[in-house]
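input_33.cif (mmCIF, C-alpha atoms and all ligand atoms) appears below.
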data_run
loop_
_atom_site.label_atom_id
_atom_site.label_comp_id
_atom_site.auth_asym_id
_atom_site.auth_seq_id
_atom_site.Cartn_x
_atom_site.Cartn_y
_atom_site.Cartn_z
CA MET A 483 128.84 125.48 85.32
CA SER A 484 125.25 125.91 84.14
CA ALA A 485 122.61 127.81 86.07
CA HIS A 486 120.73 124.52 86.55
CA VAL A 487 123.63 122.80 88.29
CA ARG A 488 124.03 125.68 90.68
CA ILE A 489 120.42 125.63 91.90
CA THR A 490 120.36 124.78 95.60
CA LYS A 491 117.43 124.55 97.96
CA SER A 492 117.80 128.13 99.12
CA VAL A 493 117.97 129.36 95.53
CA LEU A 494 114.83 127.40 94.80
CA ASP A 495 113.13 128.90 97.84
CA ARG A 496 114.14 132.36 96.72
CA THR A 497 112.94 131.65 93.21
CA ILE A 498 109.54 130.54 94.48
CA LEU A 499 109.26 133.58 96.74
CA TYR A 500 110.34 135.78 93.87
CA ARG A 501 107.76 134.20 91.60
CA LEU A 502 105.06 134.85 94.19
CA TYR A 503 106.21 138.44 94.51
CA CYS A 504 106.12 138.88 90.75
CA ASP A 505 102.62 137.43 90.53
CA CYS A 506 101.35 139.77 93.27
CA ALA A 507 103.20 142.69 91.70
CA ALA A 508 101.69 141.97 88.29
CA ILE A 509 98.16 141.81 89.73
CA ALA A 510 98.66 145.07 91.63
CA HIS A 511 100.16 146.60 88.55
CA PHE A 512 97.21 145.58 86.39
CA ALA A 513 94.84 146.92 89.03
CA ALA A 514 96.52 150.32 89.11
CA PRO A 515 98.77 150.62 86.08
CA ASN A 516 98.96 154.40 86.25
CA SER A 517 100.11 154.75 89.82
CA HIS A 518 103.06 153.81 91.96
CA ALA A 519 100.80 151.50 93.95
CA CYS A 520 103.33 148.74 93.63
CA PRO A 521 106.85 150.12 93.94
CA GLY A 522 109.53 148.26 92.03
CA THR A 523 107.09 146.27 89.89
CA HIS A 524 108.69 146.95 86.54
CA ILE A 525 112.16 146.20 87.85
CA ALA A 526 111.02 142.97 89.46
CA LEU A 527 109.22 141.84 86.32
CA GLU A 528 112.11 142.70 84.09
CA ARG A 529 114.52 140.81 86.32
CA PHE A 530 112.21 137.80 86.52
CA ASP A 531 111.90 137.68 82.75
CA ARG A 532 115.64 137.89 82.33
CA ARG A 533 116.14 134.99 84.70
CA ARG A 534 113.56 132.91 82.85
CA SER A 535 115.30 133.67 79.55
CA SER A 536 118.67 132.61 80.98
CA MET A 537 117.07 129.27 81.91
CA GLY A 538 115.71 128.82 78.39
CA LEU A 539 112.13 129.67 79.40
CA ARG A 540 109.84 132.10 77.58
CA PRO A 541 109.63 135.57 79.11
CA ARG A 542 106.48 135.61 81.14
CA TYR A 543 105.75 139.23 81.77
CA SER A 544 107.42 141.05 78.91
CA GLN A 545 104.08 142.38 77.73
CA LEU A 546 103.94 144.19 81.07
CA HIS A 547 107.29 145.82 80.60
CA GLN A 548 106.36 149.31 81.71
CA LEU A 549 109.71 150.86 82.53
CA LYS A 550 109.57 153.52 79.83
CA VAL A 551 105.93 154.33 80.61
CA LEU A 552 106.63 154.68 84.32
CA ARG A 553 109.64 156.85 83.55
CA SER A 554 107.48 159.34 81.67
CA MET A 555 104.95 159.66 84.49
CA PRO A 556 105.14 162.44 87.04
CA GLN A 557 107.04 161.26 90.09
CA GLN A 558 104.64 160.58 92.91
CA ILE A 559 105.34 159.55 96.42
CA SER A 560 103.89 156.13 97.07
CA PRO A 561 101.35 156.19 99.91
CA LYS A 562 103.10 153.08 101.21
CA VAL A 563 106.18 155.05 102.25
CA GLN A 564 104.63 158.41 103.11
CA SER A 565 104.50 157.51 106.75
CA PRO A 566 107.00 155.10 108.24
CA PRO A 567 105.73 151.51 108.46
CA HIS A 568 106.50 151.33 112.16
CA LYS A 569 104.35 148.30 112.79
CA SER A 570 106.98 145.97 111.40
CA PRO A 571 109.97 145.05 113.56
CA ALA A 572 112.92 147.42 113.34
CA VAL A 573 115.65 146.73 110.78
CA PHE A 574 118.15 148.49 113.08
CA SER A 575 117.75 148.76 116.80
CA VAL A 576 120.32 150.96 118.51
CA LYS A 577 120.55 151.24 122.29
CA GLU A 578 122.80 153.47 124.40
CA LEU A 579 125.38 153.59 121.62
CA THR A 580 128.63 155.39 122.34
CA LYS A 581 131.79 155.80 120.32
CA THR A 582 134.96 157.27 121.75
CA TYR A 583 138.08 157.74 119.67
CA ARG A 584 141.36 157.92 121.54
CA MET A 585 143.71 160.48 119.98
CA GLY A 586 146.97 160.24 121.88
CA SER A 587 146.03 161.19 125.41
CA VAL A 588 142.70 162.80 124.39
CA ASP A 589 139.35 161.03 124.19
CA VAL A 590 137.00 162.27 121.46
CA HIS A 591 133.40 161.41 122.31
CA ALA A 592 131.91 161.12 118.82
CA LEU A 593 128.65 159.47 119.99
CA ARG A 594 127.35 159.88 123.51
CA GLY A 595 124.32 157.65 123.99
CA ILE A 596 122.19 157.09 120.89
CA ASP A 597 118.85 155.26 121.05
CA LEU A 598 117.19 154.74 117.70
CA ASP A 599 115.08 152.28 115.72
CA LEU A 600 115.01 152.33 111.91
CA TYR A 601 112.34 150.54 109.91
CA ALA A 602 112.08 148.84 106.53
CA GLY A 603 111.40 151.22 103.66
CA GLU A 604 111.98 154.41 105.63
CA PHE A 605 113.72 157.44 104.16
CA ILE A 606 115.76 158.95 106.98
CA VAL A 607 117.51 162.30 106.74
CA THR A 608 120.25 162.89 109.31
CA LEU A 609 121.12 166.51 109.97
CA GLY A 610 123.71 168.12 112.18
CA PRO A 611 126.72 170.39 112.17
CA SER A 612 130.16 169.16 111.22
CA GLY A 613 131.62 166.98 113.97
CA SER A 614 128.23 166.10 115.50
CA GLY A 615 128.75 162.36 114.90
CA LYS A 616 126.69 161.75 111.73
CA SER A 617 129.34 159.81 109.84
CA THR A 618 130.33 157.85 112.92
CA LEU A 619 126.72 156.73 113.39
CA LEU A 620 126.35 155.82 109.71
CA ASN A 621 129.61 153.89 109.70
CA ILE A 622 128.56 151.88 112.74
CA LEU A 623 125.14 151.11 111.20
CA GLY A 624 126.90 149.99 108.02
CA GLY A 625 129.38 147.74 109.81
CA LEU A 626 132.39 149.88 108.84
CA ASP A 627 133.09 150.70 112.48
CA THR A 628 132.12 149.25 115.87
CA PRO A 629 130.70 150.96 118.97
CA SER A 630 132.67 151.57 122.13
CA THR A 631 129.65 150.64 124.25
CA GLY A 632 125.97 149.95 123.64
CA LEU A 633 124.03 147.69 121.32
CA VAL A 634 123.44 147.77 117.57
CA LYS A 635 121.15 145.10 116.21
CA TYR A 636 120.39 144.40 112.56
CA HIS A 637 117.19 142.33 112.76
CA ASP A 638 118.29 139.59 115.18
CA HIS A 639 122.01 140.01 114.58
CA ASP A 640 124.13 141.78 117.14
CA LEU A 641 126.48 143.97 115.10
CA SER A 642 128.08 145.48 118.19
CA HIS A 643 129.85 142.21 119.01
CA ALA A 644 130.33 140.93 115.46
CA ASP A 645 133.84 140.04 114.32
CA ASP A 646 135.45 141.33 111.11
CA ASP A 647 134.26 138.40 108.99
CA GLU A 648 130.67 138.81 110.14
CA LEU A 649 130.75 142.56 109.50
CA THR A 650 132.24 142.01 106.05
CA ARG A 651 129.48 139.55 105.20
CA PHE A 652 126.84 141.94 106.57
CA ARG A 653 128.17 144.79 104.44
CA ARG A 654 128.54 142.66 101.35
CA GLU A 655 125.05 141.20 101.51
CA HIS A 656 122.90 143.95 102.95
CA VAL A 657 124.41 147.44 102.71
CA GLY A 658 125.04 149.83 99.85
CA PHE A 659 127.22 152.87 100.55
CA VAL A 660 127.32 156.21 98.75
CA PHE A 661 129.93 158.76 99.77
CA GLN A 662 130.49 162.43 98.98
CA PHE A 663 133.31 161.58 96.57
CA TYR A 664 132.17 158.90 94.24
CA ASN A 665 135.08 156.45 94.61
CA LEU A 666 134.68 155.07 91.10
CA VAL A 667 137.60 153.14 89.59
CA ALA A 668 139.01 155.53 86.99
CA GLY A 669 140.17 152.83 84.57
CA LEU A 670 136.80 151.08 84.40
CA THR A 671 133.66 152.09 82.53
CA ALA A 672 130.41 152.82 84.35
CA ARG A 673 129.19 149.31 83.59
CA GLU A 674 132.47 147.72 84.73
CA ASN A 675 132.42 149.74 87.96
CA ILE A 676 129.13 148.04 88.71
CA THR A 677 130.06 144.53 87.60
CA ILE A 678 132.97 144.43 90.04
CA VAL A 679 130.23 144.43 92.70
CA THR A 680 127.61 142.32 90.95
CA ASP A 681 130.14 139.58 90.16
CA ILE A 682 130.37 138.71 93.85
CA ALA A 683 126.79 139.50 94.93
CA LEU A 684 124.21 136.80 95.69
CA ASN A 685 121.22 138.10 93.76
CA PRO A 686 122.21 141.25 91.91
CA PHE A 687 120.58 143.33 89.22
CA GLU A 688 122.28 143.27 85.86
CA ALA A 689 124.68 146.22 85.71
CA ASP A 690 122.61 147.74 82.90
CA THR A 691 119.42 147.46 84.97
CA ALA A 692 121.15 149.29 87.83
CA LEU A 693 122.17 152.01 85.36
CA GLN A 694 118.57 152.21 84.09
CA ILE A 695 117.35 152.79 87.63
CA VAL A 696 119.48 155.94 87.83
CA ASP A 697 118.64 156.94 84.23
CA LEU A 698 122.15 156.39 82.92
CA GLU A 699 121.73 153.43 80.60
CA ASP A 700 123.23 155.47 77.76
CA ARG A 701 126.45 156.08 79.74
CA ALA A 702 127.37 152.43 80.34
CA ASN A 703 130.58 152.59 78.30
CA HIS A 704 131.76 155.95 79.61
CA TYR A 705 134.77 156.18 81.90
CA PRO A 706 134.40 158.31 85.08
CA ALA A 707 136.44 161.15 83.55
CA GLN A 708 133.88 161.29 80.72
CA LEU A 709 131.01 161.82 83.18
CA SER A 710 129.87 164.91 85.09
CA GLY A 711 130.01 164.94 88.89
CA GLY A 712 126.29 164.21 89.16
CA GLU A 713 126.54 161.37 86.66
CA GLN A 714 129.48 159.88 88.52
CA GLN A 715 127.47 160.02 91.74
CA ARG A 716 124.55 158.29 90.01
CA VAL A 717 126.91 155.54 88.81
CA ALA A 718 128.09 155.23 92.43
CA ILE A 719 124.42 154.93 93.48
CA ALA A 720 123.80 152.29 90.78
CA ARG A 721 126.84 150.40 92.06
CA ALA A 722 125.58 150.64 95.65
CA ILE A 723 122.12 149.31 94.85
CA ALA A 724 123.09 146.74 92.18
CA LYS A 725 123.37 144.01 94.80
CA ARG A 726 119.82 144.84 95.98
CA PRO A 727 120.81 145.86 99.48
CA GLU A 728 118.16 146.17 102.14
CA ILE A 729 119.86 149.37 103.31
CA LEU A 730 121.36 152.30 101.41
CA LEU A 731 123.60 154.58 103.48
CA CYS A 732 124.56 157.91 101.91
CA ASP A 733 127.11 160.20 103.56
CA GLU A 734 126.76 163.73 102.13
CA PRO A 735 125.84 162.41 98.65
CA THR A 736 125.27 165.92 97.32
CA GLY A 737 128.11 167.57 99.23
CA ALA A 738 130.27 168.05 96.14
CA LEU A 739 127.47 168.95 93.72
CA ASP A 740 125.71 172.11 92.62
CA ILE A 741 122.01 172.54 93.45
CA LYS A 742 120.56 171.32 90.16
CA THR A 743 122.76 168.24 90.02
CA GLY A 744 122.20 167.55 93.70
CA ILE A 745 118.47 167.42 93.09
CA VAL A 746 118.88 164.87 90.27
CA VAL A 747 120.99 162.71 92.58
CA LEU A 748 118.45 163.01 95.41
CA GLU A 749 115.68 162.08 92.98
CA ALA A 750 117.57 158.90 92.11
CA ILE A 751 117.98 158.03 95.80
CA SER A 752 114.35 158.79 96.53
CA ARG A 753 113.21 156.64 93.65
CA ILE A 754 115.23 153.67 94.94
CA ASN A 755 113.59 154.06 98.33
CA ARG A 756 110.14 154.37 96.79
CA GLU A 757 110.34 151.71 94.11
CA LEU A 758 112.64 149.11 95.68
CA GLY A 759 111.54 149.69 99.29
CA THR A 760 115.18 150.17 100.37
CA LEU A 761 115.73 151.66 103.83
CA VAL A 762 117.67 154.85 103.05
CA VAL A 763 119.70 157.01 105.42
CA VAL A 764 121.00 160.27 103.93
CA ILE A 765 123.44 162.39 105.92
CA THR A 766 123.55 166.06 105.11
CA HIS A 767 124.28 169.36 106.74
CA ASN A 768 121.85 170.97 104.28
CA SER A 769 118.58 171.38 106.17
CA SER A 770 116.68 172.02 102.91
CA ILE A 771 116.87 168.27 102.23
CA ALA A 772 114.98 167.49 105.44
CA GLY A 773 111.57 167.64 103.74
CA MET A 774 112.37 164.57 101.64
CA GLY A 775 112.53 162.22 104.59
CA ASP A 776 109.92 160.24 106.47
CA ARG A 777 111.87 161.18 109.57
CA VAL A 778 114.55 163.76 110.19
CA ILE A 779 117.04 162.89 112.90
CA SER A 780 119.13 165.78 114.16
CA LEU A 781 122.42 165.16 115.89
CA ALA A 782 124.31 167.62 118.06
CA ASP A 783 127.48 166.87 119.94
CA GLY A 784 127.15 163.10 119.63
CA GLN A 785 123.53 162.94 120.77
CA ILE A 786 120.12 162.99 119.09
CA SER A 787 118.78 166.48 119.65
CA ASP A 788 115.52 166.06 117.72
CA ILE A 789 113.49 163.55 115.69
CA LYS A 790 110.87 165.05 113.39
CA VAL A 791 108.28 163.03 111.47
CA ASN A 792 107.23 164.57 108.16
CA ALA A 793 103.53 164.13 107.48
CA GLN A 794 104.22 164.58 103.75
CA ARG A 795 107.46 163.90 101.95
CA ILE A 796 108.52 166.63 99.53
CA PRO A 797 109.78 165.40 96.14
CA ALA A 798 113.43 166.32 95.53
CA LYS A 799 112.66 168.70 92.68
CA GLU A 800 110.36 170.78 94.89
CA LEU A 801 113.00 171.34 97.57
CA ALA A 802 113.87 174.98 98.13
CA TRP A 803 117.66 174.79 98.35
N1 LIG B 901 138.61 157.87 113.04
C1 LIG B 901 138.55 158.88 113.90
N2 LIG B 901 139.53 159.10 114.80
C2 LIG B 901 139.43 160.11 115.69
N3 LIG B 901 138.40 160.96 115.79
C3 LIG B 901 137.40 160.79 114.92
C4 LIG B 901 137.41 159.75 113.94
N4 LIG B 901 136.27 159.84 113.23
C5 LIG B 901 135.58 160.88 113.73
N5 LIG B 901 136.27 161.46 114.74
C6 LIG B 901 135.82 162.60 115.54
O1 LIG B 901 134.51 162.30 116.01
C7 LIG B 901 133.67 163.45 115.96
C8 LIG B 901 132.47 163.14 115.08
O2 LIG B 901 132.93 162.97 113.74
P1 LIG B 901 131.97 162.62 112.54
O3 LIG B 901 131.14 161.45 112.91
O4 LIG B 901 132.84 162.47 111.34
O5 LIG B 901 131.07 163.93 112.44
P2 LIG B 901 130.17 164.47 111.25
O6 LIG B 901 130.04 163.41 110.23
O7 LIG B 901 128.87 164.85 111.90
O8 LIG B 901 130.88 165.68 110.72
C9 LIG B 901 134.54 164.57 115.42
O9 LIG B 901 135.02 165.32 116.52
C10 LIG B 901 135.67 163.86 114.73
O10 LIG B 901 136.84 164.63 114.75
MG MG B 902 130.69 163.37 108.23
#
Full structure transcribed into structure tokens:
Amino acid sequence: MSAHVRITKSVLDRTILYRLYCDCAAIAHFAAPNSHACPGTHIALERFDRRRSSMGLRPRYSQLHQLKVLRSMPQQISPKVQSPPHKSPAVFSVKELTKTYRMGSVDVHALRGIDLDLYAGEFIVTLGPSGSGKSTLLNILGGLDTPSTGLVKYHDHDLSHADDDELTRFRREHVGFVFQFYNLVAGLTARENITIVTDIALNPFEADTALQIVDLEDRANHYPAQLSGGEQQRVAIARAIAKRPEILLCDEPTGALDIKTGIVVLEAISRINRELGTLVVVITHNSSIAGMGDRVISLADGQISDIKVNAQRIPAKELAW
């Protein structure tokens, strides 16, 4: 079936919106070509050109293809995401959330009343000792688990009362997950590990574009066993973001890595947040990572013990580990 036959009204609407975005991005990019004033520009333009080519149209913005140039620039934090854009409505709105696991005759109170709003484009670091409820909270936000009581809303959708099908659709369309252990399929190359996701996604990046975003384009044909731990984690990140999720949830993404490799992985995550505007939540028990976030949410014993707003985000490579 050709691309033309598959065009529906919603695809057309998306294409028009995308075209508008690309036009605005190109103008902003021309206005400030040496800054990160317009996060994600080069990726958007590249994608737009590829789509035009696949429809037999001439690439429109290829002369603006700046990926390599941007790569060589010092990493800066975009002013847009230095402070959380709280004026927009929350992406997640969590109210009085509890989660109790029943283990035989014992109740384990993993979450004991969480109230929290998360906003588009934020970089959230979640800190707390082992067992404080970090993973439980992340899993509920990502639709992998459901609350015992309380409300979890994703925009206008009530996730707390969603059934399995709705949660599956929510995860598939909107959430990328990164875990401590990379969960790559051993018998597939880096590229193939990504295409198993992009094949079923609505509006994905090309697998190779996703690998470019994490600086691994030259490892596309490597199998996981031929990659270092940090590289495997970056493939896992590329796989998570290849479907262009609005949200990227990372549970201890550097937990199995040494300091130097951990920083490279955090740089990749930070760049996705900065350039694609993805709402990122990173769980860690390493408080040195806290400086990277717009906000640092500390959990203790199933409750939020502290929320700190960072006036300035520290780039990953400047973190004192
Ligand atoms: N599936 C589960 N079944 C039973 N207890 C669980 C389950 N998941 C987590 N818990 C318990 O809930 C508490 C919080 O766990 P978790 O969210 O994994 O903490 P963290 O990620 O901060 O280490 C812990 O006491 C843990 O043992
Ligand atoms: Mg955990």
Please report, as CSV, each residue of chain A lying at most 9 Å from ligand MG 902 (chain B), together with the nearest pair of atoms and the separation in Å rounded to one decimal; use all atoms listed in the file, and order rows by chain and ascending residue number.
residue,atom,partner,partner_atom,distance
A:Pro611,CA,B:MG902,MG,9.0
A:Ser612,CA,B:MG902,MG,6.5
A:Gly613,CA,B:MG902,MG,6.8
A:Ser614,CA,B:MG902,MG,8.1
A:Gly615,CA,B:MG902,MG,7.0
A:Lys616,CA,B:MG902,MG,5.6
A:Ser617,CA,B:MG902,MG,4.1
A:Thr618,CA,B:MG902,MG,7.3
A:Leu620,CA,B:MG902,MG,8.8
A:Asp733,CA,B:MG902,MG,6.7
A:Glu734,CA,B:MG902,MG,7.3
A:Ile765,CA,B:MG902,MG,7.7
A:Thr766,CA,B:MG902,MG,8.2
A:His767,CA,B:MG902,MG,8.9
Neighbours of ligand LIG 901 (chain B) within 12 Å, counting all atoms listed in the file, as an mmCIF file with C-alpha atoms, in the coordinates of the input?
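Saved the output as out39.cif:
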data_model
loop_
_atom_site.group_PDB
_atom_site.id
_atom_site.type_symbol
_atom_site.label_atom_id
_atom_site.label_comp_id
_atom_site.auth_asym_id
_atom_site.auth_seq_id
_atom_site.Cartn_x
_atom_site.Cartn_y
_atom_site.Cartn_z
ATOM 1 C CA THR A 580 128.630 155.390 122.340
ATOM 2 C CA LYS A 581 131.790 155.800 120.320
ATOM 3 C CA THR A 582 134.960 157.270 121.750
ATOM 4 C CA TYR A 583 138.080 157.740 119.670
ATOM 5 C CA ARG A 584 141.360 157.920 121.540
ATOM 6 C CA MET A 585 143.710 160.480 119.980
ATOM 7 C CA GLY A 586 146.970 160.240 121.880
ATOM 8 C CA SER A 587 146.030 161.190 125.410
ATOM 9 C CA VAL A 588 142.700 162.800 124.390
ATOM 10 C CA ASP A 589 139.350 161.030 124.190
ATOM 11 C CA VAL A 590 137.000 162.270 121.460
ATOM 12 C CA HIS A 591 133.400 161.410 122.310
ATOM 13 C CA ALA A 592 131.910 161.120 118.820
ATOM 14 C CA LEU A 593 128.650 159.470 119.990
ATOM 15 C CA ARG A 594 127.350 159.880 123.510
ATOM 16 C CA THR A 608 120.250 162.890 109.310
ATOM 17 C CA LEU A 609 121.120 166.510 109.970
ATOM 18 C CA GLY A 610 123.710 168.120 112.180
ATOM 19 C CA PRO A 611 126.720 170.390 112.170
ATOM 20 C CA SER A 612 130.160 169.160 111.220
ATOM 21 C CA GLY A 613 131.620 166.980 113.970
ATOM 22 C CA SER A 614 128.230 166.100 115.500
ATOM 23 C CA GLY A 615 128.750 162.360 114.900
ATOM 24 C CA LYS A 616 126.690 161.750 111.730
ATOM 25 C CA SER A 617 129.340 159.810 109.840
ATOM 26 C CA THR A 618 130.330 157.850 112.920
ATOM 27 C CA LEU A 619 126.720 156.730 113.390
ATOM 28 C CA LEU A 620 126.350 155.820 109.710
ATOM 29 C CA ASN A 621 129.610 153.890 109.700
ATOM 30 C CA ILE A 622 128.560 151.880 112.740
ATOM 31 C CA LEU A 626 132.390 149.880 108.840
ATOM 32 C CA ASP A 627 133.090 150.700 112.480
ATOM 33 C CA THR A 628 132.120 149.250 115.870
ATOM 34 C CA PRO A 629 130.700 150.960 118.970
ATOM 35 C CA PHE A 661 129.930 158.760 99.770
ATOM 36 C CA GLN A 662 130.490 162.430 98.980
ATOM 37 C CA CYS A 732 124.560 157.910 101.910
ATOM 38 C CA ASP A 733 127.110 160.200 103.560
ATOM 39 C CA GLU A 734 126.760 163.730 102.130
ATOM 40 C CA GLY A 737 128.110 167.570 99.230
ATOM 41 C CA VAL A 764 121.000 160.270 103.930
ATOM 42 C CA ILE A 765 123.440 162.390 105.920
ATOM 43 C CA THR A 766 123.550 166.060 105.110
ATOM 44 C CA HIS A 767 124.280 169.360 106.740
ATOM 45 C CA SER A 780 119.130 165.780 114.160
ATOM 46 C CA LEU A 781 122.420 165.160 115.890
ATOM 47 C CA ALA A 782 124.310 167.620 118.060
ATOM 48 C CA ASP A 783 127.480 166.870 119.940
ATOM 49 C CA GLY A 784 127.150 163.100 119.630
ATOM 50 C CA GLN A 785 123.530 162.940 120.770
ATOM 51 C CA ILE A 786 120.120 162.990 119.090
#
Practice prompt. May I ask for the distance between atom CA of A:Pro571 and atom CA of A:Asp645, given in Å to one decimal place?
Written response: 24.4 Å
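Distances to A:Leu748 were evaluated for A:Gly632, A:Gly773, A:Gly669, A:Pro727 using only C-alpha atoms, and the minimum falls at A:Gly773.
Of the listed residues (A:Leu641, A:Glu604, A:Ser710, A:Arg653), A:Glu604 comes nearest to A:Arg795; the distances count only C-alpha atoms.
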Discussion item. I'd like to know which of A:Val791, A:Leu649, A:Ile606, A:Val667 is closest to A:Leu761, using all atoms listed in the file.
Written reply: A:Ile606
Discussion item. Please report the interatomic distance between atom CA of A:Val607 and atom CA of A:Val763 in Å with one decimal.
Written reply: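 Those two atoms sit 5.9 Å apart.
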Discussion item. I'd like the contact shell of A:Glu728 - 7 Å cut-off, all atoms listed in the file, skipping same-chain residues fewer than 3 positions apart - returned as a list in words.
Written reply: His656, Val657, Thr760 and Leu761 of chain A
Discussion item. From the options A:His704, A:Lys725, A:Lys742, A:Arg651, which residue's atoms come nearest to A:Leu670, counting all atoms listed in the file?
Written reply: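 Ranked by minimum distance to A:Leu670, first place goes to A:His704.
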Worksheet item: Could you state the separation of atom CA of A:Asp690 and atom CA of A:Pro706 in Å, given to one decimal place?
Response: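 Going from atom CA of A:Asp690 over to atom CA of A:Pro706 covers 16.0 Å.
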Worksheet entry | Spatial neighbours of stretch 682-689 of chain A, 6 Å, all atoms listed in the file, chain gap at least 3 places, as a ChimeraX atom specification | /A:673,676-677,679,692,724-726
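For the choices A:Pro735, A:Gly603, A:Gly711, A:Gly595, the atom-to-atom distance to A:Phe659 is smallest for A:Pro735 when using all atoms listed in the file.
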Worksheet item: Of the candidates A:Thr736, A:Thr650, A:Ser575, A:Thr691, which shows the shortest atom-to-atom distance to A:Asp597, using only C-alpha atoms?
Response: A:Ser575
